[in-house]
>>> print(open('work_4.cif').read())   # mmCIF, C-alpha atoms
data_final
#
loop_
_atom_site.group_PDB
_atom_site.id
_atom_site.type_symbol
_atom_site.label_atom_id
_atom_site.label_comp_id
_atom_site.auth_asym_id
_atom_site.auth_seq_id
_atom_site.Cartn_x
_atom_site.Cartn_y
_atom_site.Cartn_z
ATOM 1 C CA MET A 1 28.409 21.525 -108.802
ATOM 2 C CA VAL A 2 30.930 21.445 -105.939
ATOM 3 C CA LEU A 3 33.802 21.232 -108.447
ATOM 4 C CA HIS A 4 32.360 24.131 -110.456
ATOM 5 C CA VAL A 5 31.957 26.321 -107.367
ATOM 6 C CA ILE A 6 35.505 25.613 -106.143
ATOM 7 C CA ARG A 7 36.966 26.254 -109.602
ATOM 8 C CA THR A 8 35.124 29.529 -110.265
ATOM 9 C CA GLU A 9 35.317 31.112 -106.795
ATOM 10 C CA SER A 10 38.801 32.503 -106.146
ATOM 11 C CA SER A 11 38.064 32.804 -102.416
ATOM 12 C CA LEU A 12 37.804 28.996 -102.257
ATOM 13 C CA HIS A 13 41.297 28.417 -103.663
ATOM 14 C CA GLN A 14 42.549 27.239 -100.276
ATOM 15 C CA PRO A 15 44.097 23.908 -99.164
ATOM 16 C CA MET A 16 40.891 22.620 -97.560
ATOM 17 C CA PHE A 17 38.880 23.183 -100.727
ATOM 18 C CA HIS A 18 41.613 21.792 -102.979
ATOM 19 C CA PHE A 19 41.351 18.518 -101.044
ATOM 20 C CA LEU A 20 37.548 18.719 -101.212
ATOM 21 C CA ALA A 21 37.829 19.069 -105.007
ATOM 22 C CA MET A 22 40.011 15.919 -105.072
ATOM 23 C CA LEU A 23 37.350 14.078 -103.062
ATOM 24 C CA ALA A 24 34.544 15.260 -105.344
ATOM 25 C CA LEU A 25 36.519 14.267 -108.460
ATOM 26 C CA THR A 26 37.207 10.811 -107.005
ATOM 27 C CA ASP A 27 33.520 10.317 -106.201
ATOM 28 C CA LEU A 28 32.552 11.459 -109.692
ATOM 29 C CA CYS A 29 34.967 8.975 -111.288
ATOM 30 C CA MET A 30 33.703 6.162 -109.039
ATOM 31 C CA GLY A 31 30.150 6.788 -110.221
ATOM 32 C CA LEU A 32 31.203 6.931 -113.869
ATOM 33 C CA SER A 33 33.245 3.713 -113.620
ATOM 34 C CA THR A 34 30.217 1.695 -112.477
ATOM 35 C CA MET A 35 27.433 3.534 -114.321
ATOM 36 C CA TYR A 36 27.512 1.344 -117.445
ATOM 37 C CA THR A 37 26.942 -2.001 -115.717
ATOM 38 C CA VAL A 38 24.748 -0.751 -112.841
ATOM 39 C CA LEU A 39 22.319 1.130 -115.092
ATOM 40 C CA GLY A 40 22.553 -1.573 -117.767
ATOM 41 C CA ILE A 41 21.404 -4.255 -115.328
ATOM 42 C CA LEU A 42 18.715 -2.059 -113.773
ATOM 43 C CA TRP A 43 17.344 -1.175 -117.222
ATOM 44 C CA GLY A 44 17.612 -4.782 -118.381
ATOM 45 C CA PHE A 45 19.791 -4.461 -121.494
ATOM 46 C CA ILE A 46 22.976 -5.991 -120.007
ATOM 47 C CA GLN A 47 23.160 -9.626 -118.901
ATOM 48 C CA GLU A 48 26.904 -10.254 -119.076
ATOM 49 C CA ILE A 49 30.281 -8.548 -119.262
ATOM 50 C CA SER A 50 33.498 -9.626 -120.962
ATOM 51 C CA LEU A 51 36.472 -10.673 -118.827
ATOM 52 C CA ASP A 52 38.641 -7.793 -120.065
ATOM 53 C CA ALA A 53 35.953 -5.209 -119.292
ATOM 54 C CA CYS A 54 35.369 -6.793 -115.889
ATOM 55 C CA ILE A 55 39.070 -6.693 -115.022
ATOM 56 C CA ALA A 56 39.320 -3.062 -116.173
ATOM 57 C CA GLN A 57 36.303 -2.086 -114.076
ATOM 58 C CA SER A 58 37.698 -3.826 -110.992
ATOM 59 C CA TYR A 59 40.968 -1.890 -111.465
ATOM 60 C CA PHE A 60 39.153 1.453 -111.477
ATOM 61 C CA ILE A 61 36.867 0.566 -108.558
ATOM 62 C CA HIS A 62 39.677 -0.591 -106.270
ATOM 63 C CA GLY A 63 42.039 2.161 -107.424
ATOM 64 C CA LEU A 64 39.447 4.860 -106.777
ATOM 65 C CA SER A 65 38.673 3.347 -103.355
ATOM 66 C CA PHE A 66 42.354 3.600 -102.424
ATOM 67 C CA MET A 67 42.402 7.131 -103.854
ATOM 68 C CA GLU A 68 39.427 8.226 -101.752
ATOM 69 C CA SER A 69 41.036 6.757 -98.644
ATOM 70 C CA SER A 70 44.238 8.689 -99.399
ATOM 71 C CA VAL A 71 42.316 11.930 -99.985
ATOM 72 C CA LEU A 72 40.501 11.503 -96.663
ATOM 73 C CA LEU A 73 43.895 11.038 -94.986
ATOM 74 C CA ALA A 74 45.171 14.237 -96.649
ATOM 75 C CA MET A 75 42.057 16.072 -95.430
ATOM 76 C CA ALA A 76 42.697 14.779 -91.895
ATOM 77 C CA PHE A 77 46.235 16.185 -92.118
ATOM 78 C CA ASP A 78 44.755 19.497 -93.300
ATOM 79 C CA ARG A 79 42.459 19.630 -90.248
ATOM 80 C CA TYR A 80 45.361 18.694 -87.956
ATOM 81 C CA VAL A 81 47.543 21.531 -89.266
ATOM 82 C CA ALA A 82 44.660 24.030 -89.208
ATOM 83 C CA ILE A 83 43.806 23.302 -85.560
ATOM 84 C CA CYS A 84 47.168 22.341 -84.020
ATOM 85 C CA HIS A 85 49.408 24.746 -85.991
ATOM 86 C CA PRO A 86 47.120 27.555 -87.210
ATOM 87 C CA LEU A 87 49.898 30.151 -87.510
ATOM 88 C CA ARG A 88 51.954 27.884 -89.791
ATOM 89 C CA TYR A 89 48.980 26.628 -91.836
ATOM 90 C CA SER A 90 49.638 28.690 -94.973
ATOM 91 C CA SER A 91 53.385 28.004 -94.884
ATOM 92 C CA ILE A 92 52.972 24.228 -94.438
ATOM 93 C CA LEU A 93 50.188 23.632 -96.951
ATOM 94 C CA THR A 94 51.397 25.654 -99.910
ATOM 95 C CA ASN A 95 50.049 25.130 -103.439
ATOM 96 C CA ASP A 96 53.274 23.340 -104.366
ATOM 97 C CA LYS A 97 52.945 20.890 -101.468
ATOM 98 C CA ILE A 98 49.271 20.275 -102.227
ATOM 99 C CA MET A 99 50.199 19.451 -105.818
ATOM 100 C CA LYS A 100 52.870 17.014 -104.600
ATOM 101 C CA ILE A 101 50.340 15.398 -102.242
ATOM 102 C CA GLY A 102 47.924 15.038 -105.157
ATOM 103 C CA VAL A 103 50.570 13.388 -107.344
ATOM 104 C CA ALA A 104 51.562 11.059 -104.484
ATOM 105 C CA ILE A 105 47.905 10.048 -103.999
ATOM 106 C CA LEU A 106 47.527 9.371 -107.727
ATOM 107 C CA CYS A 107 50.717 7.265 -107.897
ATOM 108 C CA ARG A 108 49.878 5.342 -104.743
ATOM 109 C CA SER A 109 46.382 4.517 -106.007
ATOM 110 C CA THR A 110 47.294 3.526 -109.560
ATOM 111 C CA LEU A 111 50.764 1.962 -109.486
ATOM 112 C CA LEU A 112 50.375 -0.588 -106.668
ATOM 113 C CA ILE A 113 47.272 -2.360 -108.013
ATOM 114 C CA PRO A 114 48.321 -3.557 -111.534
ATOM 115 C CA PRO A 115 50.233 -6.719 -110.409
ATOM 116 C CA VAL A 116 47.177 -8.241 -108.744
ATOM 117 C CA ILE A 117 44.773 -7.033 -111.464
ATOM 118 C CA ILE A 118 46.901 -8.196 -114.400
ATOM 119 C CA ARG A 119 47.171 -11.672 -112.894
ATOM 120 C CA LEU A 120 43.376 -12.007 -113.114
ATOM 121 C CA LYS A 121 43.757 -12.221 -116.886
ATOM 122 C CA PHE A 122 45.796 -15.440 -116.612
ATOM 123 C CA LEU A 123 43.581 -17.352 -114.166
ATOM 124 C CA ASN A 124 41.300 -20.200 -115.247
ATOM 125 C CA TYR A 125 37.645 -19.588 -114.427
ATOM 126 C CA CYS A 126 35.807 -22.927 -114.193
ATOM 127 C CA ARG A 127 33.269 -22.153 -111.491
ATOM 128 C CA PRO A 128 29.858 -20.596 -112.312
ATOM 129 C CA HIS A 129 30.420 -17.196 -113.952
ATOM 130 C CA ILE A 130 27.926 -15.359 -111.758
ATOM 131 C CA LEU A 131 28.936 -12.074 -110.127
ATOM 132 C CA SER A 132 27.588 -11.112 -106.707
ATOM 133 C CA HIS A 133 27.138 -7.465 -107.709
ATOM 134 C CA SER A 134 26.235 -5.344 -110.714
ATOM 135 C CA PHE A 135 29.923 -4.451 -111.058
ATOM 136 C CA CYS A 136 33.221 -6.332 -110.895
ATOM 137 C CA LEU A 137 35.317 -6.724 -107.759
ATOM 138 C CA HIS A 138 38.608 -8.570 -107.307
ATOM 139 C CA GLN A 139 37.042 -10.747 -104.593
ATOM 140 C CA ASP A 140 34.311 -11.906 -106.958
ATOM 141 C CA LEU A 141 36.719 -12.812 -109.750
ATOM 142 C CA ILE A 142 39.100 -14.883 -107.636
ATOM 143 C CA ARG A 143 36.092 -16.696 -106.138
ATOM 144 C CA MET A 144 35.291 -18.023 -109.629
ATOM 145 C CA ALA A 145 38.888 -19.082 -110.379
ATOM 146 C CA CYS A 146 40.196 -22.660 -110.245
ATOM 147 C CA SER A 147 43.870 -21.647 -110.499
ATOM 148 C CA ASP A 148 46.255 -20.952 -107.639
ATOM 149 C CA ILE A 149 45.092 -17.639 -106.146
ATOM 150 C CA ARG A 150 47.576 -17.380 -103.276
ATOM 151 C CA PHE A 151 49.404 -14.458 -104.878
ATOM 152 C CA ASN A 152 46.155 -12.529 -105.389
ATOM 153 C CA SER A 153 45.004 -13.257 -101.846
ATOM 154 C CA ILE A 154 48.301 -12.319 -100.155
ATOM 155 C CA TYR A 155 49.038 -9.301 -102.356
ATOM 156 C CA GLY A 156 45.419 -8.105 -102.086
ATOM 157 C CA LEU A 157 45.545 -8.357 -98.292
ATOM 158 C CA ALA A 158 48.851 -6.446 -98.266
ATOM 159 C CA LEU A 159 47.267 -3.692 -100.385
ATOM 160 C CA VAL A 160 44.314 -3.395 -98.014
ATOM 161 C CA ILE A 161 46.602 -3.227 -94.964
ATOM 162 C CA SER A 162 49.048 -0.736 -96.518
ATOM 163 C CA ASN A 163 46.307 1.504 -97.893
ATOM 164 C CA LEU A 164 42.890 1.339 -96.235
ATOM 165 C CA LEU A 165 43.936 0.084 -92.802
ATOM 166 C CA LEU A 166 47.021 2.315 -92.567
ATOM 167 C CA ASP A 167 45.026 5.361 -93.664
ATOM 168 C CA ALA A 168 42.319 4.623 -91.084
ATOM 169 C CA VAL A 169 44.913 4.316 -88.304
ATOM 170 C CA LEU A 170 46.639 7.576 -89.332
ATOM 171 C CA ILE A 171 43.279 9.392 -89.509
ATOM 172 C CA LEU A 172 42.474 8.114 -86.009
ATOM 173 C CA ILE A 173 45.870 9.300 -84.714
ATOM 174 C CA SER A 174 45.366 12.719 -86.288
ATOM 175 C CA TYR A 175 42.012 13.110 -84.526
ATOM 176 C CA VAL A 176 43.484 12.041 -81.202
ATOM 177 C CA MET A 177 46.060 14.829 -81.586
ATOM 178 C CA ILE A 178 43.349 17.276 -82.702
ATOM 179 C CA LEU A 179 41.237 16.373 -79.656
ATOM 180 C CA ARG A 180 44.202 16.936 -77.346
ATOM 181 C CA ALA A 181 44.821 20.358 -78.899
ATOM 182 C CA VAL A 182 41.130 21.309 -78.679
ATOM 183 C CA LEU A 183 40.839 20.267 -75.016
ATOM 184 C CA ALA A 184 43.814 22.519 -74.252
ATOM 185 C CA ILE A 185 41.834 25.570 -75.451
ATOM 186 C CA ALA A 186 40.500 27.556 -72.489
ATOM 187 C CA SER A 187 37.348 28.905 -74.123
ATOM 188 C CA GLN A 188 34.502 26.403 -74.564
ATOM 189 C CA GLU A 189 33.128 28.435 -77.461
ATOM 190 C CA GLU A 190 36.462 28.160 -79.287
ATOM 191 C CA ARG A 191 36.555 24.404 -78.600
ATOM 192 C CA ILE A 192 33.142 23.913 -80.213
ATOM 193 C CA LYS A 193 34.088 26.150 -83.129
ATOM 194 C CA SER A 194 37.283 24.154 -83.746
ATOM 195 C CA LEU A 195 35.502 20.798 -83.579
ATOM 196 C CA GLN A 196 32.747 21.985 -85.930
ATOM 197 C CA THR A 197 35.326 22.419 -88.700
ATOM 198 C CA CYS A 198 35.933 18.638 -88.506
ATOM 199 C CA VAL A 199 32.296 17.470 -88.601
ATOM 200 C CA SER A 200 32.087 17.236 -92.408
ATOM 201 C CA HIS A 201 35.321 15.258 -92.611
ATOM 202 C CA ILE A 202 34.286 12.871 -89.839
ATOM 203 C CA CYS A 203 31.011 12.217 -91.692
ATOM 204 C CA ALA A 204 32.900 11.605 -94.959
ATOM 205 C CA VAL A 205 35.269 9.156 -93.221
ATOM 206 C CA SER A 206 32.331 7.306 -91.642
ATOM 207 C CA ILE A 207 30.318 6.901 -94.845
ATOM 208 C CA PHE A 208 33.440 5.646 -96.641
ATOM 209 C CA TYR A 209 34.805 3.131 -94.129
ATOM 210 C CA ILE A 210 31.562 1.720 -92.685
ATOM 211 C CA PRO A 211 30.290 0.363 -96.067
ATOM 212 C CA ILE A 212 33.749 -1.071 -96.845
ATOM 213 C CA ILE A 213 33.833 -2.882 -93.494
ATOM 214 C CA GLY A 214 30.270 -4.111 -94.042
ATOM 215 C CA LEU A 215 31.011 -5.399 -97.550
ATOM 216 C CA THR A 216 34.199 -7.118 -96.345
ATOM 217 C CA MET A 217 32.302 -8.850 -93.539
ATOM 218 C CA VAL A 218 29.594 -9.988 -95.969
ATOM 219 C CA HIS A 219 32.188 -11.416 -98.390
ATOM 220 C CA ARG A 220 34.129 -13.104 -95.586
ATOM 221 C CA PHE A 221 31.404 -14.425 -93.298
ATOM 222 C CA GLY A 222 28.131 -14.005 -95.206
ATOM 223 C CA LYS A 223 28.264 -16.879 -97.687
ATOM 224 C CA HIS A 224 25.044 -18.275 -96.217
ATOM 225 C CA LEU A 225 23.236 -14.926 -96.484
ATOM 226 C CA SER A 226 20.690 -14.065 -99.149
ATOM 227 C CA PRO A 227 22.148 -12.731 -102.449
ATOM 228 C CA LEU A 228 20.020 -9.638 -101.803
ATOM 229 C CA VAL A 229 22.279 -8.748 -98.850
ATOM 230 C CA HIS A 230 25.392 -8.967 -101.067
ATOM 231 C CA VAL A 231 23.741 -6.803 -103.730
ATOM 232 C CA LEU A 232 22.544 -4.243 -101.178
ATOM 233 C CA MET A 233 25.938 -3.936 -99.469
ATOM 234 C CA GLY A 234 27.682 -3.668 -102.840
ATOM 235 C CA HIS A 235 25.457 -0.807 -103.959
ATOM 236 C CA ILE A 236 25.856 1.006 -100.632
ATOM 237 C CA TYR A 237 29.649 0.663 -100.940
ATOM 238 C CA ILE A 238 29.689 2.081 -104.479
ATOM 239 C CA LEU A 239 26.860 4.629 -104.467
ATOM 240 C CA PHE A 240 26.505 5.936 -100.902
ATOM 241 C CA PRO A 241 29.760 7.946 -100.531
ATOM 242 C CA PRO A 242 29.446 9.734 -103.931
ATOM 243 C CA LEU A 243 25.820 10.536 -103.080
ATOM 244 C CA MET A 244 26.387 11.796 -99.536
ATOM 245 C CA ASN A 245 29.744 13.613 -99.711
ATOM 246 C CA PRO A 246 28.533 16.544 -101.868
ATOM 247 C CA ILE A 247 25.410 16.866 -99.707
ATOM 248 C CA ILE A 248 27.407 16.831 -96.454
ATOM 249 C CA TYR A 249 29.938 19.403 -97.625
ATOM 250 C CA SER A 250 27.261 21.602 -99.208
ATOM 251 C CA ILE A 251 25.285 21.685 -95.962
ATOM 252 C CA LYS A 252 28.052 21.733 -93.361
ATOM 253 C CA THR A 253 30.606 23.981 -95.110
ATOM 254 C CA GLN A 254 29.326 27.538 -94.970
ATOM 255 C CA GLN A 255 31.448 28.826 -97.859
ATOM 256 C CA ILE A 256 30.259 26.055 -100.218
ATOM 257 C CA ARG A 257 26.631 26.440 -99.134
ATOM 258 C CA ARG A 258 26.610 30.186 -99.777
ATOM 259 C CA ARG A 259 28.200 29.831 -103.225
ATOM 260 C CA VAL A 260 25.748 27.093 -104.243
ATOM 261 C CA GLN A 261 22.804 29.181 -103.044
ATOM 262 C CA ARG A 262 24.129 32.159 -104.988
ATOM 263 C CA LEU A 263 24.560 29.969 -108.071
ATOM 264 C CA PHE A 264 20.898 28.901 -107.912
ATOM 265 C CA TYR A 265 19.818 32.496 -107.244
ATOM 266 C CA LEU A 266 21.667 33.767 -110.325
ATOM 267 C CA LYS A 267 20.135 31.026 -112.490
ATOM 268 C CA GLU A 268 16.680 31.872 -111.162
ATOM 269 C CA MET A 269 17.194 35.580 -111.901
ATOM 270 C CA LYS A 270 18.331 34.811 -115.459
ATOM 271 C CA LEU A 271 15.271 32.606 -115.978
ATOM 272 C CA LEU A 272 12.943 35.340 -114.692
ATOM 273 C CA ARG A 273 14.562 37.940 -116.949
ATOM 274 C CA SER A 274 14.212 35.705 -120.006
ATOM 275 C CA ASN A 275 10.523 35.143 -119.178
ATOM 276 C CA VAL A 276 9.976 38.900 -118.827
ATOM 277 C CA ASN A 277 11.650 39.512 -122.194
ATOM 278 C CA ILE A 278 9.409 36.903 -123.820
#
>>> encode(input="work_4.cif", output="structure tokens")
Amino acid sequence: MVLHVIRTESSLHQPMFHFLAMLALTDLCMGLSTMYTVLGILWGFIQEISLDACIAQSYFIHGLSFMESSVLLAMAFDRYVAICHPLRYSSILTNDKIMKIGVAILCRSTLLIPPVIIRLKFLNYCRPHILSHSFCLHQDLIRMACSDIRFNSIYGLALVISNLLLDAVLILISYVMILRAVLAIASQEERIKSLQTCVSHICAVSIFYIPIIGLTMVHRFGKHLSPLVHVLMGHIYILFPPLMNPIIYSIKTQQIRRRVQRLFYLKEMKLLRSNVNI
């Protein structure tokens, strides 16, 4: 619905909403990439998954996680420019630059992962073939391997540092600079108004990074915990951001909320007219 509203409303063809569309598309793809196994297990008609399918799913899950992190960083840059350099906003974030940012995010998220994912195909798996979650993660697969996994461990750690950790640090820096700019504003009303434009993004960042940190801690230090904890954290990591992001932006972003309300109003009017005609 968010994608439809942004696409059809010409007034929403602005940098902020272009980045929001990228976020919504990433969340949609994340849900689709895990739907087959998650629903299959919940409905009881899937008990196992082939190695090739598992490797492919892990590629999409990790790639889309890196993509969402990159989109959140781009949205933080958008908020920084809008608040710290409002007069140059339209000249800095042109459609051409937004397209280049989108291509850079896509390349960064898809081209760095293949070496570590492809190597999974050539590992020997002699330990019990039982996954911790209803979807495939790189951490789960290397845990079942008997081969040398040093490359996967080192390269995987480097990917996390150069993507998720770096993005989190840059987002934090951007908000420090935004806070400095806001505190320099004389009017308290203008300060609150400026900070309110960042609330949706801060919520999106929180619901993305907190589950990732929780899942990482469970994998690293929670080997003695109940399998239920692993399953719960895995589902929160996969399902919570795609569920909450559209709700947050529909409620907190006035332009999106009004267009969605108008969309429902038009559908209701059409339904009433068809009933009258009948």
>>> atom_distance(input="work_4.cif", atom1="CA of Trp43 in chain A", atom2="CA of Ser134 in chain A")
11.8 Å
>>> residues_around(input="work_4.cif", residues="Asn245 in chain A", least_positions_apart="4", cutoff="10 Å", atoms="only C-alpha atoms", output="list of chain:residue names")
A:Leu20, A:Leu23, A:Ala24, A:Asp27, A:Ser200, A:His201, A:Cys203, A:Ala204, A:Val205, A:Ile207, A:Phe208, A:Phe240, A:Pro241, A:Tyr249, A:Ser250, A:Ile251
>>> atom_distance(input="work_4.cif", atom1="CA of Val176 in chain A", atom2="CA of Ile210 in chain A")
19.5 Å
>>> closest_residue(input="work_4.cif", among="A:Gln261, A:Thr94, A:Met144, A:Leu165", to="Gln14 in chain A", atoms="all atoms listed in the file")
A:Thr94
>>> atom_distance(input="work_4.cif", atom1="CA of Leu72 in chain A", atom2="CA of Ser194 in chain A")
18.4 Å
>>> closest_residue(input="work_4.cif", among="A:Val199, A:Ile154, A:Ala82, A:Ser132", to="Gly222 in chain A", atoms="all atoms listed in the file")
A:Ser132
>>> residues_around(input="work_4.cif", residues="range 57-65 of chain A", least_positions_apart="6", cutoff="9 Å", atoms="only C-alpha atoms", output="PyMOL selection string")
chain A and resi 26-27+29-30+33-34+108-114+117+135-138+164+208+238
>>> residues_around(input="work_4.cif", residues="range 84-89 of chain A", least_positions_apart="3", cutoff="8 Å", atoms="all atoms listed in the file", output="PyMOL selection string")
chain A and resi 80-81+92-93+177-178+181
>>> axis_aligned_box(input="work_4.cif", around="range 72-87 of chain A", padding_each_side="6 Å", output="AutoDock Vina command-line options")
--center_x 45.2 --center_y 20.6 --center_z -90.3 --size_x 21.4 --size_y 31.1 --size_z 24.6
>>> closest_residue(input="work_4.cif", among="A:Arg191, A:Arg119, A:Arg7, A:His224", to="Asp148 in chain A", atoms="all atoms listed in the file")
A:Arg119
>>> closest_residue(input="work_4.cif", among="A:Ile118, A:Met16, A:Leu25, A:Met67", to="Thr197 in chain A", atoms="all atoms listed in the file")
A:Met16
>>> resolve_selection(input="work_4.cif", expression="the PyMOL selection byres ((chain A and resi 133) around 10)", output="PyMOL selection string")
chain A and resi 37-38+130-132+134-137+140+227-228+230-235
>>> residues_around(input="work_4.cif", residues="Leu12 in chain A", least_positions_apart="4", cutoff="12 Å", atoms="only C-alpha atoms", output="NGL selection string")
:A and (2-8 or 16-21 or 253-259)
>>> closest_residue(input="work_4.cif", among="A:Ile212, A:Phe66, A:Val71, A:Val229", to="Leu159 in chain A", atoms="all atoms listed in the file")
A:Phe66
>>> closest_residue(input="work_4.cif", among="A:Val116, A:Leu39, A:Cys107, A:Ile171", to="Gly156 in chain A", atoms="all atoms listed in the file")
A:Val116
>>> residues_around(input="work_4.cif", residues="Lys193 in chain A", least_positions_apart="6", cutoff="12 Å", atoms="all atoms listed in the file", output="number ranges by chain")
A: 83, 182, 185, 187, 199
>>> write_last_selection(input="work_4.cif", atoms="C-alpha atoms", output="compact mmCIF listing (two decimals), keeping the file's coordinate frame")
# COMPACT_ATOMS: atom_id res chain seq x y z
CA ILE A 83 43.81 23.30 -85.56
CA VAL A 182 41.13 21.31 -78.68
CA ILE A 185 41.83 25.57 -75.45
CA SER A 187 37.35 28.90 -74.12
CA VAL A 199 32.30 17.47 -88.60
>>> decode(input="work_4.cif", residues="range 86-93 of chain A", atoms="all heavy atoms", output="PDB file, in the first residue's frame")
ATOM      1  N   PRO A  86      18.873  22.981   4.701  1.00  0.00           N
ATOM      2  CA  PRO A  86      17.544  22.985   4.066  1.00  0.00           C
ATOM      3  C   PRO A  86      17.498  23.740   2.735  1.00  0.00           C
ATOM      4  O   PRO A  86      16.750  23.346   1.828  1.00  0.00           O
ATOM      5  CB  PRO A  86      16.661  23.659   5.118  1.00  0.00           C
ATOM      6  CG  PRO A  86      17.603  24.449   5.972  1.00  0.00           C
ATOM      7  CD  PRO A  86      18.878  23.677   5.990  1.00  0.00           C
ATOM      8  N   LEU A  87      18.286  24.799   2.598  1.00  0.00           N
ATOM      9  CA  LEU A  87      18.249  25.586   1.365  1.00  0.00           C
ATOM     10  C   LEU A  87      18.892  24.856   0.191  1.00  0.00           C
ATOM     11  O   LEU A  87      18.575  25.131  -0.964  1.00  0.00           O
ATOM     12  CB  LEU A  87      18.937  26.940   1.583  1.00  0.00           C
ATOM     13  CG  LEU A  87      18.303  27.840   2.655  1.00  0.00           C
ATOM     14  CD1 LEU A  87      19.081  29.134   2.800  1.00  0.00           C
ATOM     15  CD2 LEU A  87      16.844  28.143   2.298  1.00  0.00           C
ATOM     16  N   ARG A  88      19.784  23.912   0.492  1.00  0.00           N
ATOM     17  CA  ARG A  88      20.476  23.165  -0.574  1.00  0.00           C
ATOM     18  C   ARG A  88      19.902  21.762  -0.748  1.00  0.00           C
ATOM     19  O   ARG A  88      20.450  20.963  -1.492  1.00  0.00           O
ATOM     20  CB  ARG A  88      21.970  23.080  -0.233  1.00  0.00           C
ATOM     21  CG  ARG A  88      22.671  24.432  -0.158  1.00  0.00           C
ATOM     22  CD  ARG A  88      24.087  24.264   0.347  1.00  0.00           C
ATOM     23  NE  ARG A  88      24.837  23.311  -0.461  1.00  0.00           N
ATOM     24  CZ  ARG A  88      25.941  22.689  -0.049  1.00  0.00           C
ATOM     25  NH1 ARG A  88      26.393  22.898   1.171  1.00  0.00           N
ATOM     26  NH2 ARG A  88      26.566  21.849  -0.841  1.00  0.00           N
ATOM     27  N   TYR A  89      18.797  21.471  -0.058  1.00  0.00           N
ATOM     28  CA  TYR A  89      18.234  20.113  -0.057  1.00  0.00           C
ATOM     29  C   TYR A  89      17.913  19.619  -1.463  1.00  0.00           C
ATOM     30  O   TYR A  89      18.334  18.528  -1.871  1.00  0.00           O
ATOM     31  CB  TYR A  89      16.979  20.099   0.812  1.00  0.00           C
ATOM     32  CG  TYR A  89      16.305  18.750   0.907  1.00  0.00           C
ATOM     33  CD1 TYR A  89      16.856  17.739   1.691  1.00  0.00           C
ATOM     34  CD2 TYR A  89      15.112  18.486   0.240  1.00  0.00           C
ATOM     35  CE1 TYR A  89      16.244  16.504   1.805  1.00  0.00           C
ATOM     36  CE2 TYR A  89      14.489  17.257   0.349  1.00  0.00           C
ATOM     37  CZ  TYR A  89      15.056  16.267   1.121  1.00  0.00           C
ATOM     38  OH  TYR A  89      14.445  15.046   1.211  1.00  0.00           O
ATOM     39  N   SER A  90      17.181  20.419  -2.226  1.00  0.00           N
ATOM     40  CA  SER A  90      16.762  19.988  -3.570  1.00  0.00           C
ATOM     41  C   SER A  90      17.929  19.912  -4.538  1.00  0.00           C
ATOM     42  O   SER A  90      17.901  19.126  -5.491  1.00  0.00           O
ATOM     43  CB  SER A  90      15.689  20.930  -4.118  1.00  0.00           C
ATOM     44  OG  SER A  90      16.163  22.263  -4.141  1.00  0.00           O
ATOM     45  N   SER A  91      18.973  20.705  -4.318  1.00  0.00           N
ATOM     46  CA  SER A  91      20.127  20.666  -5.224  1.00  0.00           C
ATOM     47  C   SER A  91      21.080  19.522  -4.883  1.00  0.00           C
ATOM     48  O   SER A  91      21.787  19.020  -5.762  1.00  0.00           O
ATOM     49  CB  SER A  91      20.882  22.004  -5.167  1.00  0.00           C
ATOM     50  OG  SER A  91      21.381  22.251  -3.859  1.00  0.00           O
ATOM     51  N   ILE A  92      21.104  19.102  -3.613  1.00  0.00           N
ATOM     52  CA  ILE A  92      21.976  17.991  -3.213  1.00  0.00           C
ATOM     53  C   ILE A  92      21.336  16.658  -3.563  1.00  0.00           C
ATOM     54  O   ILE A  92      21.955  15.792  -4.180  1.00  0.00           O
ATOM     55  CB  ILE A  92      22.282  18.065  -1.704  1.00  0.00           C
ATOM     56  CG1 ILE A  92      23.141  19.291  -1.389  1.00  0.00           C
ATOM     57  CG2 ILE A  92      23.006  16.796  -1.238  1.00  0.00           C
ATOM     58  CD1 ILE A  92      23.390  19.505   0.093  1.00  0.00           C
ATOM     59  N   LEU A  93      20.080  16.488  -3.175  1.00  0.00           N
ATOM     60  CA  LEU A  93      19.396  15.211  -3.405  1.00  0.00           C
ATOM     61  C   LEU A  93      18.515  15.315  -4.658  1.00  0.00           C
ATOM     62  O   LEU A  93      17.283  15.353  -4.579  1.00  0.00           O
ATOM     63  CB  LEU A  93      18.570  14.820  -2.183  1.00  0.00           C
ATOM     64  CG  LEU A  93      19.373  14.357  -0.968  1.00  0.00           C
ATOM     65  CD1 LEU A  93      18.475  14.155   0.243  1.00  0.00           C
ATOM     66  CD2 LEU A  93      20.136  13.078  -1.272  1.00  0.00           C
TER      67      LEU A  93
END
